[in-house]
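S.K.: My structure file work.pdb, PDB, C-alpha atoms, is below:
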ATOM      1  CA  MET A  69       6.488   3.549  -7.704
ATOM      2  CA  LYS A  70       5.138   4.960  -4.469
ATOM      3  CA  PRO A  71       1.513   5.090  -3.323
ATOM      4  CA  ALA A  72      -0.610   8.179  -3.632
ATOM      5  CA  GLU A  73      -0.941  10.291  -0.495
ATOM      6  CA  PHE A  74      -3.274   8.927   2.184
ATOM      7  CA  ALA A  75      -4.108   9.512   5.851
ATOM      8  CA  TYR A  76      -2.891   6.747   8.166
ATOM      9  CA  HIS A  77      -4.977   5.526  11.120
ATOM     10  CA  ARG A  78      -3.963   2.914  13.713
ATOM     11  CA  PRO A  79      -6.930   2.104  15.977
ATOM     12  CA  ASP A  80      -6.465   0.278  19.289
ATOM     13  CA  SER A  81      -9.806  -1.523  19.316
ATOM     14  CA  VAL A  82     -12.331  -3.137  17.004
ATOM     15  CA  GLU A  83     -14.858  -0.504  18.006
ATOM     16  CA  GLU A  84     -12.505   2.290  16.953
ATOM     17  CA  ALA A  85     -11.685   0.588  13.646
ATOM     18  CA  VAL A  86     -15.343   0.032  12.832
ATOM     19  CA  GLY A  87     -16.106   3.646  13.762
ATOM     20  CA  LEU A  88     -13.427   4.897  11.357
ATOM     21  CA  LEU A  89     -14.752   2.695   8.557
ATOM     22  CA  GLY A  90     -18.223   4.062   9.135
ATOM     23  CA  GLU A  91     -17.254   7.731   9.101
ATOM     24  CA  LEU A  92     -14.412   7.923   6.550
ATOM     25  CA  ASP A  93     -14.887   7.917   2.797
ATOM     26  CA  GLU A  94     -12.518   5.983   0.529
ATOM     27  CA  ALA A  95     -10.926   3.976   3.347
ATOM     28  CA  LYS A  96      -9.035   0.685   3.069
ATOM     29  CA  VAL A  97      -8.213  -1.756   5.862
ATOM     30  CA  LEU A  98      -4.569  -2.785   6.278
ATOM     31  CA  GLY A  99      -3.993  -6.208   7.809
ATOM     32  CA  GLY A 100      -0.781  -7.875   6.716
ATOM     33  CA  GLY A 101      -0.502  -5.605   3.692
ATOM     34  CA  GLN A 102       1.094  -8.282   1.510
ATOM     35  CA  SER A 103      -1.588  -7.850  -1.159
ATOM     36  CA  LEU A 104      -2.712  -4.281  -0.537
ATOM     37  CA  LEU A 105       0.664  -2.528  -0.389
ATOM     38  CA  PRO A 106       1.852  -3.668  -3.848
ATOM     39  CA  ILE A 107      -1.471  -2.507  -5.276
ATOM     40  CA  LEU A 108      -1.031   0.874  -3.608
ATOM     41  CA  ASN A 109       2.550   1.155  -4.851
ATOM     42  CA  MET A 110       1.409   0.472  -8.411
ATOM     43  CA  ARG A 111      -1.415   2.983  -7.887
ATOM     44  CA  LEU A 112      -4.044   0.465  -8.860
ATOM     45  CA  ALA A 113      -5.821   1.733  -5.755
ATOM     46  CA  ALA A 114      -5.583   5.164  -4.153
ATOM     47  CA  PRO A 115      -7.616   5.268  -0.933
ATOM     48  CA  ALA A 116      -7.818   8.527   0.983
ATOM     49  CA  HIS A 117      -7.450   6.671   4.301
ATOM     50  CA  LEU A 118      -5.604   3.546   5.431
ATOM     51  CA  ILE A 119      -6.833   1.883   8.635
ATOM     52  CA  ASP A 120      -4.131  -0.348  10.133
ATOM     53  CA  ILE A 121      -5.745  -3.031  12.335
ATOM     54  CA  THR A 122      -2.537  -4.910  13.228
ATOM     55  CA  GLY A 123      -2.319  -3.182  16.609
ATOM     56  CA  ILE A 124      -5.677  -4.549  17.805
ATOM     57  CA  ARG A 125      -4.814  -7.349  20.234
ATOM     58  CA  ALA A 126      -8.311  -8.840  20.137
ATOM     59  CA  LEU A 127      -7.831  -9.658  16.459
ATOM     60  CA  ARG A 128      -4.765 -11.828  17.162
ATOM     61  CA  ARG A 129      -6.539 -14.210  19.531
ATOM     62  CA  PHE A 130      -8.036 -17.601  18.769
ATOM     63  CA  ASP A 131     -10.820 -19.578  20.402
ATOM     64  CA  GLU A 132     -10.910 -23.371  20.153
ATOM     65  CA  GLU A 133     -14.153 -25.263  20.613
ATOM     66  CA  GLU A 134     -15.306 -28.808  19.939
ATOM     67  CA  SER A 135     -16.807 -27.666  16.629
ATOM     68  CA  GLY A 136     -13.684 -25.900  15.367
ATOM     69  CA  VAL A 137     -11.411 -22.884  15.784
ATOM     70  CA  ARG A 138     -12.147 -19.168  15.476
ATOM     71  CA  TYR A 139      -9.096 -17.159  14.396
ATOM     72  CA  GLY A 140      -8.770 -13.424  14.915
ATOM     73  CA  ALA A 141      -8.603 -11.528  11.634
ATOM     74  CA  VAL A 142      -4.889 -10.688  11.834
ATOM     75  CA  THR A 143      -3.765 -14.248  12.521
ATOM     76  CA  THR A 144      -0.769 -14.615  10.218
ATOM     77  CA  HIS A 145       0.093 -17.437   7.831
ATOM     78  CA  MET A 146       3.235 -18.032   9.906
ATOM     79  CA  MET A 147       1.223 -18.600  13.079
ATOM     80  CA  ILE A 148      -0.741 -21.348  11.318
ATOM     81  CA  GLU A 149       2.309 -22.816   9.569
ATOM     82  CA  ASP A 150       4.329 -23.032  12.794
ATOM     83  CA  GLY A 151       1.511 -24.455  14.915
ATOM     84  CA  LEU A 152       1.216 -21.391  17.144
ATOM     85  CA  VAL A 153      -2.558 -21.768  16.751
ATOM     86  CA  PRO A 154      -4.574 -25.025  16.529
ATOM     87  CA  ASP A 155      -5.309 -26.647  13.160
ATOM     88  CA  PRO A 156      -8.816 -28.179  13.204
ATOM     89  CA  ALA A 157      -8.233 -29.596   9.707
ATOM     90  CA  ARG A 158      -5.550 -32.012  10.937
ATOM     91  CA  GLY A 159      -2.627 -30.521   9.041
ATOM     92  CA  LEU A 160      -4.378 -29.122   5.983
ATOM     93  CA  LEU A 161      -4.206 -25.518   7.213
ATOM     94  CA  SER A 162      -0.523 -25.696   8.149
ATOM     95  CA  HIS A 163       0.255 -27.362   4.815
ATOM     96  CA  ALA A 164      -1.594 -24.626   2.921
ATOM     97  CA  ALA A 165       0.052 -21.842   4.942
ATOM     98  CA  ALA A 166       3.544 -23.200   4.253
ATOM     99  CA  GLY A 167       3.006 -22.787   0.501
ATOM    100  CA  ILE A 168       2.001 -19.118   0.617
ATOM    101  CA  GLY A 169       4.588 -16.793  -0.883
ATOM    102  CA  TYR A 170       7.895 -16.666   0.995
ATOM    103  CA  ARG A 171       8.670 -16.640   4.706
ATOM    104  CA  ALA A 172       8.751 -12.844   4.861
ATOM    105  CA  VAL A 173       5.274 -12.788   3.299
ATOM    106  CA  ARG A 174       3.970 -15.425   5.703
ATOM    107  CA  ASN A 175       5.316 -13.499   8.687
ATOM    108  CA  ARG A 176       2.990 -10.573   7.946
ATOM    109  CA  GLY A 177       0.222 -11.819   5.649
ATOM    110  CA  THR A 178      -3.084 -12.634   7.379
ATOM    111  CA  ILE A 179      -5.830 -15.180   6.864
ATOM    112  CA  ALA A 180      -8.612 -12.559   6.799
ATOM    113  CA  GLY A 181      -6.610 -10.289   4.516
ATOM    114  CA  SER A 182      -6.296 -13.067   1.959
ATOM    115  CA  LEU A 183     -10.056 -13.639   2.004
ATOM    116  CA  ALA A 184     -10.813  -9.923   1.728
ATOM    117  CA  HIS A 185      -8.427  -9.707  -1.250
ATOM    118  CA  SER A 186     -10.384 -12.510  -2.983
ATOM    119  CA  ASP A 187      -7.859 -13.972  -5.412
ATOM    120  CA  SER A 188      -8.939 -17.489  -6.388
ATOM    121  CA  SER A 189      -5.338 -18.507  -7.126
ATOM    122  CA  ALA A 190      -4.447 -17.924  -3.461
ATOM    123  CA  GLU A 191      -4.539 -20.738  -0.917
ATOM    124  CA  TRP A 192      -7.023 -19.547   1.697
ATOM    125  CA  PRO A 193     -10.008 -18.836  -0.567
ATOM    126  CA  ALA A 194      -9.902 -22.375  -2.006
ATOM    127  CA  VAL A 195      -9.008 -24.229   1.202
ATOM    128  CA  LEU A 196     -11.528 -22.400   3.390
ATOM    129  CA  SER A 197     -14.257 -22.792   0.785
ATOM    130  CA  ALA A 198     -13.608 -26.547   0.760
ATOM    131  CA  LEU A 199     -13.725 -26.719   4.565
ATOM    132  CA  GLY A 200     -16.992 -24.781   4.836
ATOM    133  CA  ALA A 201     -15.427 -21.926   6.824
ATOM    134  CA  ALA A 202     -17.141 -18.616   7.583
ATOM    135  CA  VAL A 203     -16.145 -15.082   8.552
ATOM    136  CA  GLN A 204     -17.487 -12.866  11.308
ATOM    137  CA  VAL A 205     -18.060  -9.311  10.118
ATOM    138  CA  ARG A 206     -18.738  -6.134  12.063
ATOM    139  CA  SER A 207     -19.891  -2.616  11.245
ATOM    140  CA  ASN A 208     -21.668   0.208  13.036
ATOM    141  CA  ARG A 209     -24.871  -1.480  11.905
ATOM    142  CA  GLY A 210     -24.121  -4.699  13.788
ATOM    143  CA  ASN A 211     -22.566  -8.113  13.280
ATOM    144  CA  ARG A 212     -23.128 -10.814  10.716
ATOM    145  CA  ARG A 213     -21.677 -14.180   9.738
ATOM    146  CA  ILE A 214     -20.888 -14.932   6.093
ATOM    147  CA  PRO A 215     -19.874 -18.369   4.759
ATOM    148  CA  VAL A 216     -16.648 -18.058   2.767
ATOM    149  CA  ARG A 217     -18.406 -19.579  -0.255
ATOM    150  CA  GLU A 218     -20.813 -16.618  -0.191
ATOM    151  CA  LEU A 219     -18.192 -14.026   0.740
ATOM    152  CA  LEU A 220     -16.154 -14.511  -2.453
ATOM    153  CA  LEU A 221     -18.082 -13.019  -5.373
ATOM    154  CA  GLY A 222     -15.340 -12.648  -7.989
ATOM    155  CA  PHE A 223     -11.795 -11.535  -8.651
ATOM    156  CA  PHE A 224     -10.988  -8.856  -6.020
ATOM    157  CA  THR A 225     -14.715  -8.763  -5.187
ATOM    158  CA  THR A 226     -16.431  -9.813  -1.952
ATOM    159  CA  ALA A 227     -19.802  -9.482  -0.260
ATOM    160  CA  LEU A 228     -18.328  -7.045   2.294
ATOM    161  CA  ALA A 229     -19.877  -3.589   2.475
ATOM    162  CA  GLU A 230     -17.458  -0.645   2.510
ATOM    163  CA  ASP A 231     -18.012  -0.099   6.231
ATOM    164  CA  GLU A 232     -17.608  -3.752   7.249
ATOM    165  CA  LEU A 233     -14.569  -5.309   8.901
ATOM    166  CA  ILE A 234     -13.755  -9.020   9.079
ATOM    167  CA  THR A 235     -13.067  -9.678  12.761
ATOM    168  CA  ALA A 236     -12.639 -13.466  12.755
ATOM    169  CA  VAL A 237     -12.497 -16.564  10.576
ATOM    170  CA  GLU A 238     -14.333 -19.695  11.757
ATOM    171  CA  VAL A 239     -12.928 -23.027  10.572
ATOM    172  CA  PRO A 240     -14.927 -26.179  11.415
ATOM    173  CA  ARG A 241     -13.171 -29.300  12.633
ATOM    174  CA  LEU A 242     -12.492 -31.848   9.903
ATOM    175  CA  ARG A 243     -14.365 -35.090  10.485
ATOM    176  CA  ALA A 244     -12.222 -37.918  11.833
ATOM    177  CA  ASP A 245     -13.133 -40.156   8.873
ATOM    178  CA  THR A 246     -12.008 -37.568   6.297
ATOM    179  CA  ARG A 247      -8.652 -37.726   4.512
ATOM    180  CA  TRP A 248      -7.403 -34.659   2.674
ATOM    181  CA  GLY A 249      -5.121 -33.958  -0.243
ATOM    182  CA  MET A 250      -3.933 -30.608  -1.569
ATOM    183  CA  ILE A 251      -1.799 -29.955  -4.628
ATOM    184  CA  LYS A 252      -0.617 -26.558  -5.821
ATOM    185  CA  LEU A 253       0.863 -26.269  -9.310
ATOM    186  CA  ALA A 254       2.909 -23.088  -9.823
ATOM    187  CA  ARG A 255       5.837 -22.007 -11.963
ATOM    188  CA  LYS A 256       8.058 -21.966  -8.875
ATOM    189  CA  PRO A 257       7.672 -22.144  -5.073
ATOM    190  CA  GLY A 258       6.124 -19.049  -3.555
ATOM    191  CA  GLU A 259       4.164 -17.936  -6.614
ATOM    192  CA  PHE A 260       0.398 -17.910  -7.013
ATOM    193  CA  ALA A 261      -1.112 -21.180  -8.179
ATOM    194  CA  GLU A 262      -1.828 -22.037 -11.781
ATOM    195  CA  SER A 263      -3.980 -24.840 -10.381
ATOM    196  CA  LEU A 264      -4.918 -25.575  -6.781
ATOM    197  CA  ALA A 265      -6.810 -28.782  -6.017
ATOM    198  CA  ILE A 266      -8.232 -29.861  -2.661
ATOM    199  CA  THR A 267      -9.789 -33.303  -2.204
ATOM    200  CA  LEU A 268     -11.704 -34.442   0.874
ATOM    201  CA  VAL A 269     -12.237 -38.194   0.879
ATOM    202  CA  ARG A 270     -14.829 -39.702   3.220
ATOM    203  CA  PRO A 271     -16.440 -43.156   3.199
ATOM    204  CA  GLY A 272     -18.700 -43.180   0.166
ATOM    205  CA  GLU A 273     -17.933 -39.578  -0.838
ATOM    206  CA  THR A 274     -15.156 -37.590  -2.473
ATOM    207  CA  GLU A 275     -15.401 -33.786  -2.490
ATOM    208  CA  ILE A 276     -13.189 -31.847  -4.895
ATOM    209  CA  TRP A 277     -12.493 -28.106  -4.970
ATOM    210  CA  LEU A 278     -10.332 -26.181  -7.406
ATOM    211  CA  GLY A 279      -8.723 -22.758  -7.194
ATOM    212  CA  ALA A 280      -7.133 -20.754 -10.031
ATOM    213  CA  ALA A 281      -9.677 -22.119 -12.499
ATOM    214  CA  ARG A 282     -12.307 -19.366 -12.306
ATOM    215  CA  ASP A 283     -12.574 -16.024 -10.531
ATOM    216  CA  VAL A 284     -13.733 -17.858  -7.388
ATOM    217  CA  PRO A 285     -12.911 -21.352  -6.091
ATOM    218  CA  VAL A 286     -15.268 -23.973  -7.518
ATOM    219  CA  ARG A 287     -16.492 -27.393  -6.488
ATOM    220  CA  LEU A 288     -16.332 -30.047  -9.222
ATOM    221  CA  PRO A 289     -19.573 -32.103  -9.104
ATOM    222  CA  GLU A 290     -19.149 -33.673 -12.552
ATOM    223  CA  THR A 291     -15.615 -34.763 -11.684
ATOM    224  CA  GLU A 292     -16.805 -36.173  -8.349
ATOM    225  CA  ALA A 293     -19.519 -38.160 -10.136
ATOM    226  CA  VAL A 294     -17.086 -39.570 -12.678
ATOM    227  CA  LEU A 295     -14.601 -40.628  -9.998
ATOM    228  CA  ALA A 296     -17.367 -42.315  -8.010
ATOM    229  CA  GLY A 297     -17.673 -44.851 -10.822
ATOM    230  CA  GLY A 298     -14.151 -46.194 -10.251
ATOM    231  CA  PRO A 299     -10.803 -45.843 -12.070
ATOM    232  CA  ILE A 300     -10.981 -43.738 -15.242
ATOM    233  CA  ALA A 301      -8.540 -42.678 -17.934
ATOM    234  CA  LEU A 302      -6.828 -39.326 -17.440
ATOM    235  CA  ASP A 303      -8.400 -37.919 -20.607
ATOM    236  CA  ARG A 304     -11.874 -38.751 -19.238
ATOM    237  CA  LEU A 305     -10.977 -37.041 -15.975
ATOM    238  CA  ALA A 306      -9.833 -34.014 -17.941
ATOM    239  CA  GLU A 307     -13.159 -33.933 -19.791
ATOM    240  CA  ALA A 308     -15.047 -33.903 -16.501
ATOM    241  CA  VAL A 309     -12.810 -31.175 -15.074
ATOM    242  CA  GLY A 310     -13.346 -29.171 -18.265
ATOM    243  CA  THR A 311     -17.108 -29.478 -17.884
ATOM    244  CA  ASP A 312     -16.910 -28.228 -14.289
ATOM    245  CA  THR A 313     -14.527 -25.330 -14.971
ATOM    246  CA  GLY A 314     -15.063 -24.378 -18.608
ATOM    247  CA  SER A 315     -11.347 -24.886 -19.250
ATOM    248  CA  GLU A 316      -9.871 -26.348 -22.423
ATOM    249  CA  GLY A 317      -6.617 -27.682 -23.829
ATOM    250  CA  TYR A 318      -3.489 -27.502 -21.710
ATOM    251  CA  GLU A 319      -5.256 -25.596 -18.934
ATOM    252  CA  ARG A 320      -7.859 -28.351 -18.591
ATOM    253  CA  GLN A 321      -5.147 -31.022 -18.555
ATOM    254  CA  ARG A 322      -3.210 -29.118 -15.886
ATOM    255  CA  HIS A 323      -6.250 -28.961 -13.605
ATOM    256  CA  ALA A 324      -6.894 -32.691 -14.155
ATOM    257  CA  VAL A 325      -3.330 -33.506 -13.126
ATOM    258  CA  ALA A 326      -3.699 -31.380  -9.971
ATOM    259  CA  VAL A 327      -6.937 -33.188  -9.085
ATOM    260  CA  ARG A 328      -5.362 -36.592  -9.688
ATOM    261  CA  ARG A 329      -2.344 -35.796  -7.507
ATOM    262  CA  ALA A 330      -4.512 -34.356  -4.725
ATOM    263  CA  LEU A 331      -6.617 -37.516  -4.773
ATOM    264  CA  GLU A 332      -3.479 -39.660  -4.599
ATOM    265  CA  THR A 333      -2.279 -37.605  -1.630
ATOM    266  CA  ALA A 334      -5.580 -38.073   0.196
ATOM    267  CA  LEU A 335      -5.608 -41.812  -0.405
ATOM    268  CA  GLY A 336      -1.923 -42.246   0.308
ATOM    269  CA  GLU A 337      -1.467 -44.339  -2.802
ATOM    270  CA  THR A 338      -1.141 -44.101  -6.569
ATOM    271  CA  VAL A 339      -4.608 -44.309  -8.069
ATOM    272  CA  ARG A 340      -3.423 -44.772 -11.641
ATOM    273  CA  GLY A 341      -3.457 -48.368 -12.868
ATOM    274  CA  ASP A 342      -1.315 -48.781 -15.964
ATOM    275  CA  GLY A 343      -0.360 -45.135 -16.277
ATOM    276  CA  ALA A 344      -3.474 -44.262 -18.261
ATOM    277  CA  ASP A 345      -6.086 -44.677 -15.575
ATOM    278  CA  VAL A 346      -6.913 -42.500 -12.603
TER     279      VAL A 346
END
Mind converting the file's structure to structure tokens?

M.R.:
Amino acid sequence: MKPAEFAYHRPDSVEEAVGLLGELDEAKVLGGGQSLLPILNMRLAAPAHLIDITGIRALRRFDEEESGVRYGAVTTHMMIEDGLVPDPARGLLSHAAAGIGYRAVRNRGTIAGSLAHSDSSAEWPAVLSALGAAVQVRSNRGNRRIPVRELLLGFFTTALAEDELITAVEVPRLRADTRWGMIKLARKPGEFAESLAITLVRPGETEIWLGAARDVPVRLPETEAVLAGGPIALDRLAEAVGTDTGSEGYERQRHAVAVRRALETALGETVRGDGADV
């Protein structure tokens, strides 16, 4: 199928893009287009205007500070995967980027576009929620900063107003005493996750986040509490994960396996004792 007819706009500056968003009705922003274009082709969306921001040079820049890195909105997955921009999470971002779709997708898909799409089975919503990242947003009414955990409201739903444009993504630097693990379970490489677990292990604390379990990424406090007590059987881990996510049966077991493997990756060792414990 082909998309419905729309007017195409290619602004040269953030100011021009924001102005178009403020004055045009039924407008969509085109970043990498790897999520939006298939939706347009299937006519699940039919905007009257498409605003292509890929020509705005300011949105491809990055700024590195002691506290972290600020990426322009059209920073691509490939740029992160290949180390063309800094990774303040000590390899977690490049690892996550390498698992997104296929190389052709990563060449064009953008970090801000993934967040604006808000699919909890995608890598960036879960990873950036776990890292405490935030987005910078601009409209004709001014600027604001939104934590990613507050930006993502549901499946394909964000806190962005129709006239707001994500201009940058702020990722804080991962603490030196933090070890990370990330496991994506999917039917085959390049597909969206069926479970996506991120563990951040610090002295005296383990933080666990899960994507593809609800309509937004979720932290697992019950699972964290259970693991804090020491090695546990996999079925007990699955119970805790089920409590945190509302999942049951095979789905619950799948998420528990993802969490266990992510924890093993963070620790650099097998955390199962006799095959039954985690």

S.K.: Need the shell around stretch 329-331 of chain A: protein/DNA/RNA residues with any atom at most 12 Å away, counting only C-alpha atoms. Skip same-chain ones fewer than 4 positions apart. Format as a VMD selection string?

M.R.: chain A and resid 160 247 to 253 263 to 270 274 to 278 291 to 292 295 299 302 322 to 325 335 to 340 346

S.K.: When you count only C-alpha atoms, which of these residues is closest to A:Ala190: A:Pro71, A:Gly136, A:Gly297, A:Gly167?

M.R.: A:Gly167

S.K.: Run the PyMOL selection byres ((chain A and resi 85-101) around 6) on the file and write out the hits as a ChimeraX atom specification.

M.R.: /A:79,82-84,102-105,115-122,176-178,181,207,231

S.K.: Quick check on the file I pasted: which residues fall under the PyMOL selection byres ((chain A and resi 227) around 12)? Write them as a list in words.

M.R.: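 Applying the PyMOL selection byres ((chain A and resi 227) around 12) to the structure shown produces Leu183, Ala184, His185, Ser186, Val203, Val205, Arg212, Arg213, Ile214, Pro215, Val216, Arg217, Glu218, Leu219, Leu220, Leu221, Gly222, Phe223, Phe224, Thr225, Thr226, Leu228, Ala229, Glu230, Asp231, Glu232, Leu233 and Ile234 of chain A.
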
S.K.: Given the file above and the PyMOL selection byres ((chain A and resi 149) around 12), which residues are selected, and can you give them as an MDAnalysis selection string?

M.R.: chainID A and resid 143:148 150:155 159:168 170:171 174:175 177:179

S.K.: Just give me the gap between atom CA of A:Arg206 and atom CA of A:Arg129 in Å, one decimal is fine.

M.R.: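 Value for the atom CA of A:Arg206-atom CA of A:Arg129 distance: 16.4 Å.
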
S.K.: Of the candidates A:Gly200, A:Gly314, A:Pro240, A:Pro193, which shows the shortest atom-to-atom distance to A:Asp131, using only C-alpha atoms?

M.R.: A:Pro240

S.K.: Can you work out the spacing between atom CA of A:Val284 and atom CA of A:Gly258 in Å, to one decimal?

M.R.: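 Taking atom CA of A:Val284 as the start and atom CA of A:Gly258 as the end point, the length is 20.3 Å.
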
S.K.: Please return stretch 210-225 of chain A, rebuilt to N, CA and C atoms, as a short mmCIF file (atom, residue, chain, number, x, y, z; two decimals), in the frame of the given file.

M.R.:
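Result written to out17.cif:
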data_model
loop_
_atom_site.label_atom_id
_atom_site.label_comp_id
_atom_site.auth_asym_id
_atom_site.auth_seq_id
_atom_site.Cartn_x
_atom_site.Cartn_y
_atom_site.Cartn_z
N GLY A 210 -24.00 -3.43 13.08
CA GLY A 210 -24.12 -4.70 13.79
C GLY A 210 -23.15 -5.75 13.26
N ASN A 211 -23.41 -6.99 13.65
CA ASN A 211 -22.57 -8.11 13.28
C ASN A 211 -23.30 -9.04 12.33
N ARG A 212 -22.55 -9.75 11.52
CA ARG A 212 -23.13 -10.81 10.72
C ARG A 212 -22.07 -11.87 10.41
N ARG A 213 -22.54 -13.03 10.05
CA ARG A 213 -21.68 -14.18 9.74
C ARG A 213 -21.88 -14.55 8.28
N ILE A 214 -20.80 -14.66 7.52
CA ILE A 214 -20.89 -14.93 6.09
C ILE A 214 -20.07 -16.18 5.77
N PRO A 215 -20.67 -17.23 5.23
CA PRO A 215 -19.87 -18.37 4.76
C PRO A 215 -18.87 -17.90 3.71
N VAL A 216 -17.68 -18.46 3.73
CA VAL A 216 -16.65 -18.06 2.77
C VAL A 216 -17.13 -18.26 1.33
N ARG A 217 -17.90 -19.30 1.11
CA ARG A 217 -18.41 -19.58 -0.26
C ARG A 217 -19.33 -18.47 -0.75
N GLU A 218 -19.95 -17.74 0.18
CA GLU A 218 -20.81 -16.62 -0.19
C GLU A 218 -20.07 -15.29 -0.13
N LEU A 219 -18.99 -15.25 0.62
CA LEU A 219 -18.19 -14.03 0.74
C LEU A 219 -17.49 -13.69 -0.58
N LEU A 220 -16.95 -14.71 -1.24
CA LEU A 220 -16.15 -14.51 -2.45
C LEU A 220 -17.07 -14.43 -3.67
N LEU A 221 -17.17 -13.24 -4.25
CA LEU A 221 -18.08 -13.02 -5.37
C LEU A 221 -17.38 -13.01 -6.72
N GLY A 222 -16.08 -12.74 -6.74
CA GLY A 222 -15.34 -12.65 -7.99
C GLY A 222 -13.93 -12.19 -7.71
N PHE A 223 -13.18 -11.96 -8.79
CA PHE A 223 -11.80 -11.54 -8.65
C PHE A 223 -11.74 -10.16 -7.99
N PHE A 224 -11.09 -10.08 -6.81
CA PHE A 224 -10.99 -8.86 -6.02
C PHE A 224 -12.36 -8.33 -5.59
N THR A 225 -13.36 -9.21 -5.52
CA THR A 225 -14.72 -8.76 -5.19
C THR A 225 -15.30 -9.66 -4.11
#
